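Dropping model_25.txt in here (compact mmCIF, C-alpha atoms and all ligand atoms):
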# COMPACT_ATOMS: atom_id res chain seq x y z
CA MET T 1 -61.66 -38.52 14.38
CA VAL T 2 -64.87 -37.65 12.54
CA SER T 3 -64.79 -34.20 11.04
CA ASP T 4 -65.91 -32.53 7.83
CA ASN T 5 -62.27 -31.47 7.43
CA PHE T 6 -61.24 -35.04 6.69
CA ILE T 7 -62.27 -37.61 4.07
CA PRO T 8 -61.13 -41.21 3.50
CA TYR T 9 -57.73 -41.59 1.85
CA LYS T 10 -58.17 -43.14 -1.62
CA GLY T 11 -54.53 -43.97 -2.46
CA ILE T 12 -53.53 -47.21 -4.18
CA THR T 13 -51.19 -49.65 -2.39
CA TYR T 14 -49.34 -52.29 -4.42
CA SER T 15 -47.75 -55.58 -3.41
CA PRO T 16 -44.00 -55.36 -2.61
CA LYS T 17 -43.20 -57.01 -5.97
CA GLU T 18 -45.40 -54.62 -7.92
CA THR T 19 -43.98 -51.69 -5.91
CA GLN T 20 -40.43 -52.76 -6.85
CA LYS T 21 -41.37 -53.07 -10.53
CA ARG T 22 -43.19 -49.73 -10.65
CA SER T 23 -40.35 -47.88 -8.92
CA GLN T 24 -37.84 -49.39 -11.37
CA VAL T 25 -39.93 -48.68 -14.48
CA HIS T 26 -40.59 -45.11 -13.35
CA TYR T 27 -36.93 -44.47 -12.58
CA GLU T 28 -35.90 -45.73 -16.02
CA TYR T 29 -38.60 -43.61 -17.66
CA MET T 30 -37.66 -40.44 -15.80
CA ASP T 31 -33.96 -41.05 -16.38
CA ARG T 32 -34.63 -40.67 -20.11
CA ARG T 33 -35.83 -37.09 -19.67
CA ARG T 34 -33.44 -34.63 -21.22
CA THR T 35 -33.41 -30.88 -21.37
CA VAL T 36 -33.81 -29.86 -25.00
CA ARG T 37 -32.88 -26.50 -26.52
CA GLU T 38 -34.05 -27.05 -30.09
CA PHE T 39 -37.80 -27.16 -30.57
CA SER T 40 -40.13 -27.98 -33.45
CA ASP T 41 -42.91 -25.50 -34.18
CA LYS T 42 -45.33 -28.46 -34.47
CA PRO T 43 -48.53 -27.50 -32.66
CA VAL T 44 -49.57 -28.97 -29.33
CA SER T 45 -53.22 -28.82 -28.28
CA LYS T 46 -54.27 -26.51 -25.48
CA GLU T 47 -55.97 -29.47 -23.79
CA ILE T 48 -52.59 -31.23 -23.45
CA ILE T 49 -51.02 -28.10 -21.93
CA GLU T 50 -53.91 -27.76 -19.51
CA ASN T 51 -53.59 -31.40 -18.38
CA ILE T 52 -49.87 -30.88 -17.81
CA LEU T 53 -50.46 -27.69 -15.84
CA MET T 54 -53.20 -29.20 -13.71
CA THR T 55 -50.76 -32.02 -12.90
CA ALA T 56 -48.28 -29.37 -11.77
CA SER T 57 -50.97 -27.67 -9.74
CA SER T 58 -51.70 -30.95 -7.92
CA ALA T 59 -48.34 -30.59 -6.12
CA PRO T 60 -48.25 -30.18 -2.34
CA SER T 61 -47.76 -26.64 -1.06
CA GLY T 62 -47.38 -24.80 2.24
CA ALA T 63 -50.81 -24.77 3.98
CA HIS T 64 -52.23 -25.86 0.60
CA LYS T 65 -52.05 -22.27 -0.66
CA GLN T 66 -50.95 -23.32 -4.17
CA PRO T 67 -48.92 -20.12 -4.48
CA TRP T 68 -48.43 -20.20 -8.25
CA THR T 69 -49.76 -18.93 -11.57
CA PHE T 70 -48.79 -20.60 -14.83
CA CYS T 71 -48.85 -18.15 -17.73
CA VAL T 72 -49.19 -19.86 -21.10
CA VAL T 73 -47.94 -17.82 -24.04
CA SER T 74 -48.71 -18.96 -27.58
CA ASN T 75 -49.30 -15.49 -29.06
CA PRO T 76 -46.44 -14.84 -31.55
CA GLU T 77 -46.19 -11.11 -30.77
CA ILE T 78 -45.88 -11.71 -27.05
CA LYS T 79 -43.34 -14.49 -27.68
CA ALA T 80 -41.30 -12.07 -29.83
CA LYS T 81 -41.41 -9.43 -27.07
CA ILE T 82 -40.25 -11.98 -24.50
CA ARG T 83 -37.41 -13.09 -26.80
CA VAL T 84 -36.16 -9.53 -27.34
CA ALA T 85 -36.23 -8.77 -23.60
CA ALA T 86 -34.67 -12.11 -22.59
CA GLU T 87 -31.88 -11.83 -25.16
CA LYS T 88 -31.09 -8.31 -23.97
CA GLU T 89 -30.57 -9.59 -20.42
CA GLU T 90 -28.77 -12.72 -21.58
CA TYR T 91 -26.40 -10.69 -23.76
CA GLU T 92 -25.40 -8.67 -20.71
CA SER T 93 -25.03 -11.83 -18.64
CA TYR T 94 -22.84 -13.68 -21.14
CA ASN T 95 -20.77 -10.54 -21.82
CA GLY T 96 -19.77 -9.46 -18.33
CA ARG T 97 -22.29 -10.39 -15.63
CA MET T 98 -21.39 -14.09 -15.43
CA THR T 99 -18.07 -15.12 -13.89
CA GLU T 100 -15.31 -16.89 -15.85
CA GLU T 101 -15.95 -20.00 -13.75
CA TRP T 102 -19.65 -19.91 -14.61
CA LEU T 103 -19.01 -19.48 -18.34
CA LYS T 104 -16.52 -22.35 -18.23
CA ASP T 105 -19.07 -24.58 -16.43
CA LEU T 106 -21.59 -23.85 -19.18
CA GLU T 107 -19.21 -24.51 -22.10
CA PRO T 108 -20.11 -28.22 -22.43
CA PHE T 109 -23.75 -27.23 -22.98
CA GLY T 110 -23.06 -24.82 -25.83
CA THR T 111 -25.43 -22.15 -24.54
CA ASP T 112 -25.16 -18.47 -25.47
CA TRP T 113 -27.31 -15.32 -25.40
CA ASN T 114 -29.27 -16.34 -28.51
CA LYS T 115 -32.67 -17.76 -27.58
CA PRO T 116 -34.54 -18.61 -30.83
CA PHE T 117 -36.58 -21.28 -29.00
CA LEU T 118 -38.51 -18.46 -27.33
CA GLU T 119 -40.26 -17.89 -30.68
CA ILE T 120 -40.17 -21.42 -32.12
CA ALA T 121 -41.65 -23.50 -29.28
CA PRO T 122 -45.46 -23.52 -29.54
CA TYR T 123 -45.83 -22.58 -25.87
CA LEU T 124 -43.87 -20.67 -23.30
CA ILE T 125 -44.99 -21.52 -19.80
CA ILE T 126 -43.92 -18.85 -17.35
CA VAL T 127 -44.17 -20.01 -13.76
CA PHE T 128 -44.92 -17.20 -11.33
CA LYS T 129 -44.63 -17.57 -7.58
CA LYS T 130 -47.04 -15.67 -5.39
CA ALA T 131 -44.95 -14.06 -2.65
CA TYR T 132 -48.27 -13.42 -0.91
CA ASP T 133 -51.92 -13.76 -1.95
CA LEU T 134 -53.87 -10.79 -3.18
CA LYS T 135 -57.66 -10.98 -3.46
CA ASP T 136 -59.69 -7.79 -4.02
CA GLY T 137 -56.76 -5.76 -2.75
CA VAL T 138 -56.52 -7.78 0.48
CA LYS T 139 -53.14 -9.40 1.22
CA SER T 140 -52.79 -12.80 2.90
CA LYS T 141 -49.78 -14.96 3.68
CA ASN T 142 -48.32 -17.81 1.68
CA TYR T 143 -45.83 -20.26 3.19
CA TYR T 144 -42.70 -22.00 1.89
CA VAL T 145 -43.30 -20.35 -1.46
CA ASN T 146 -39.96 -21.30 -3.07
CA GLU T 147 -40.24 -24.90 -1.92
CA SER T 148 -43.88 -25.16 -3.07
CA VAL T 149 -43.27 -23.66 -6.50
CA GLY T 150 -40.10 -25.76 -6.95
CA ILE T 151 -42.08 -28.94 -6.24
CA ALA T 152 -44.88 -27.89 -8.65
CA THR T 153 -42.29 -27.18 -11.33
CA GLY T 154 -40.84 -30.66 -10.80
CA PHE T 155 -44.31 -32.13 -11.29
CA LEU T 156 -44.62 -29.98 -14.42
CA LEU T 157 -41.36 -31.22 -15.97
CA ALA T 158 -42.35 -34.84 -15.21
CA ALA T 159 -45.81 -34.34 -16.78
CA ILE T 160 -44.26 -32.80 -19.90
CA HIS T 161 -41.89 -35.76 -20.20
CA ASN T 162 -44.69 -38.26 -19.58
CA ALA T 163 -46.66 -36.75 -22.48
CA GLY T 164 -43.67 -37.27 -24.80
CA LEU T 165 -42.99 -33.56 -25.06
CA VAL T 166 -39.78 -31.72 -24.20
CA SER T 167 -38.96 -28.67 -22.14
CA LEU T 168 -36.18 -26.32 -21.16
CA THR T 169 -35.88 -24.74 -17.74
CA HIS T 170 -34.79 -21.33 -18.93
CA THR T 171 -33.62 -18.75 -16.40
CA PRO T 172 -33.13 -15.37 -18.05
CA SER T 173 -31.73 -13.15 -15.35
CA PRO T 174 -33.05 -10.80 -14.09
CA MET T 175 -36.58 -11.95 -14.95
CA ASN T 176 -38.67 -8.94 -13.91
CA PHE T 177 -39.36 -8.09 -17.59
CA LEU T 178 -41.80 -11.04 -17.61
CA GLN T 179 -43.96 -9.50 -14.90
CA LYS T 180 -44.17 -6.33 -17.02
CA ILE T 181 -44.78 -7.93 -20.43
CA LEU T 182 -47.43 -10.27 -19.01
CA ASN T 183 -48.95 -7.57 -16.86
CA ARG T 184 -48.90 -9.67 -13.70
CA PRO T 185 -50.08 -8.31 -10.35
CA GLU T 186 -47.58 -7.00 -7.79
CA ASN T 187 -47.65 -10.17 -5.64
CA GLU T 188 -46.34 -12.38 -8.49
CA ARG T 189 -42.64 -12.91 -9.27
CA ALA T 190 -41.36 -14.79 -12.31
CA TYR T 191 -39.80 -18.09 -11.21
CA LEU T 192 -38.94 -20.01 -14.40
CA LEU T 193 -39.60 -19.73 -18.12
CA ILE T 194 -40.28 -23.13 -19.68
CA PRO T 195 -40.63 -23.53 -23.46
CA VAL T 196 -42.66 -26.68 -24.23
CA GLY T 197 -43.21 -28.59 -27.45
CA TYR T 198 -41.89 -31.37 -29.63
CA PRO T 199 -38.15 -31.58 -30.22
CA ALA T 200 -36.75 -30.46 -33.57
CA GLU T 201 -35.75 -33.37 -35.81
CA ASN T 202 -32.40 -35.14 -35.39
CA ILE T 203 -31.19 -32.98 -32.54
CA GLN T 204 -28.31 -33.74 -30.24
CA VAL T 205 -28.13 -33.23 -26.49
CA PRO T 206 -25.07 -32.84 -24.25
CA ASN T 207 -23.29 -36.08 -23.46
CA ILE T 208 -23.74 -35.91 -19.69
CA GLU T 209 -23.65 -38.59 -17.04
CA ARG T 210 -25.71 -38.57 -13.88
CA LYS T 211 -24.25 -39.06 -10.42
CA GLY T 212 -24.52 -42.59 -9.07
CA ALA T 213 -26.47 -43.66 -5.96
CA ASP T 214 -23.30 -43.64 -3.85
CA GLU T 215 -22.77 -39.95 -4.70
CA VAL T 216 -26.27 -38.65 -4.03
CA ILE T 217 -27.65 -40.89 -1.28
CA ALA T 218 -26.43 -41.27 2.30
CA TYR T 219 -28.02 -44.19 4.13
CA TYR T 220 -28.18 -44.35 7.96
CA GLU T 221 -29.03 -47.99 8.80
N1 LIG V 1 -29.52 -18.15 -17.91
C1 LIG V 1 -28.55 -18.40 -18.94
C2 LIG V 1 -27.34 -19.09 -18.44
C3 LIG V 1 -27.45 -20.48 -17.97
C4 LIG V 1 -27.17 -20.76 -16.65
C5 LIG V 1 -27.18 -22.04 -16.19
I1 LIG V 1 -26.65 -22.41 -14.31
C6 LIG V 1 -27.53 -23.10 -17.06
O1 LIG V 1 -27.56 -24.39 -16.58
C7 LIG V 1 -27.80 -22.82 -18.39
C8 LIG V 1 -27.78 -21.50 -18.82
C9 LIG V 1 -29.18 -19.12 -20.13
O2 LIG V 1 -30.35 -19.52 -20.02
O3 LIG V 1 -28.54 -19.26 -21.15
What would you get if you wrote out this structure as structure tokens?
Amino acid sequence: MVSDNFIPYKGITYSPKETQKRSQVHYEYMDRRRTVREFSDKPVSKEIIENILMTASSAPSGAHKQPWTFCVVSNPEIKAKIRVAAEKEEYESYNGRMTEEWLKDLEPFGTDWNKPFLEIAPYLIIVFKKAYDLKDGVKSKNYYVNESVGIATGFLLAAIHNAGLVSLTHTPSPMNFLQKILNRPENERAYLLIPVGYPAENIQVPNIERKGADEVIAYYE
């Protein structure tokens, strides 16, 4: 088919041996990614953040609508405002809104309502999903918004890891305070709050194990 809508595919194909090696090396690299809750205040250049975000924005999305906005907060006053509002919600969650079972499940991770990283990390990336598009007051549809934004966030976490930086997928709940503080338009809903930076020195992370292939994969041969 010859059409202006289509251009030649420029992907790279490797030999089976090289494919095996690359898949193995990438798995081992990604398997070293850990969620980190203690950040250094060491600066990170805006150019690095932009590269990471443009990687995220290269993710596939329903009808290629790219239904996301990444808000990048480095301003200390805005970070402080976000921390106050997040801790208010988290305090309520940890002291009554979360079930006993939930609190017990979180015990191994040592989390609580205190969120100092919201002021320490050099950047807070707040991922917004666009429930619908809004241009000059005109609404148009987006598709598979949760799936699309979830995939883009996965790309984002991988890009952060690849750059040697660390992140935390923070989910203050409810998150509508972010829409207000950041003055986002009515079609945008906060999806995840991701502090990004270097890890603090000599930190520890939870001693977790990941499920094995037999637990997460079902083959039909
Ligand atoms: N949003 C809270 C609680 C929390 C919930 C889950 I599920 C986690 O994996 C970790 C934390 C918080 O951010 O502390």
As a check of understanding: the span from atom CA of T:Glu50 to atom CA of T:Ala163 is 11.9 Å
Next item on the list: Within 8 Å of ligand LIG 1 (chain V), which residues show up when you count all atoms listed in the file? List them as a PyMOL selection string, please.
Entry: chain T and resi 90+93-94+102+106+109+111-115+169-173
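Considering the residues T:Glu119, T:Ile160, T:Glu147, T:Leu103 and counting all atoms listed in the file, T:Phe39 has its shortest atom-to-atom contact with T:Glu119.
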For T:Glu188, which residue among T:Asn207, T:Ser23, T:Ser61, T:Asn176 is the nearest when counting only C-alpha atoms?
->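 The answer is T:Asn176, which sits nearest to T:Glu188.
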In terms of all atoms listed in the file, the residue from T:Gly96, T:Pro122, T:Gly154, T:Pro76 at minimal distance from T:Ala200 is T:Pro122
query = Can you list, as a PyMOL selection string, every protein, DNA or RNA residue that comes within 10 Å of T:Val44 when you count all atoms listed in the file, leaving out same-chain residues fewer than 3 positions away?
reply = chain T and resi 41+47-49+121-123+165+196-198
- With distances taken over all atoms listed in the file, which of T:Asp105, T:Asn51, T:Glu186, T:Asp31 is nearest to T:Lys211?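 Closest to T:Lys211 of all the choices is T:Asp31.
Minimum distance to T:Tyr144 across T:Lys42, T:His64, T:Arg189, T:Lys79 (counting all atoms listed in the file) occurs at T:His64.
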If we count all atoms listed in the file, what is near T:Tyr132 at a cut-off of 9 Å, once residues fewer than 3 positions away on the same chain are taken out, given as a PDB file with C-alpha atoms, in the coordinates of the input?
ATOM      1  CA  PRO T  67     -48.920 -20.120  -4.480  1.00  0.00           C
ATOM      2  CA  LYS T 129     -44.630 -17.570  -7.580  1.00  0.00           C
ATOM      3  CA  LYS T 139     -53.140  -9.400   1.220  1.00  0.00           C
ATOM      4  CA  SER T 140     -52.790 -12.800   2.900  1.00  0.00           C
ATOM      5  CA  LYS T 141     -49.780 -14.960   3.680  1.00  0.00           C
ATOM      6  CA  ASN T 142     -48.320 -17.810   1.680  1.00  0.00           C
ATOM      7  CA  TYR T 143     -45.830 -20.260   3.190  1.00  0.00           C
ATOM      8  CA  VAL T 145     -43.300 -20.350  -1.460  1.00  0.00           C
ATOM      9  CA  ASN T 187     -47.650 -10.170  -5.640  1.00  0.00           C
ATOM     10  CA  GLU T 188     -46.340 -12.380  -8.490  1.00  0.00           C
TER      11      GLU T 188
END
The residue from T:Val84, T:Asn183, T:Ala158, T:Gly164 with the smallest atom-to-atom distance to T:Phe128, counting all atoms listed in the file, is T:Asn183
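Reported to one decimal place, the separation of atom CA of T:Val72 from atom CA of T:His26 is 27.8 Å.
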For atom CA of T:Phe70 and atom CA of T:Leu53, determine how far apart the two atoms are, in Å to one decimal place.
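Between these atoms lies a distance of 7.4 Å.
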Worksheet item: Which neighbours of T:Val127 fall inside 9 Å, counting only C-alpha atoms, when residues of the same chain fewer than 5 positions from it are skipped, and could you give them as a ChimeraX atom specification?
Response: /T:68-72,149,153,189-194
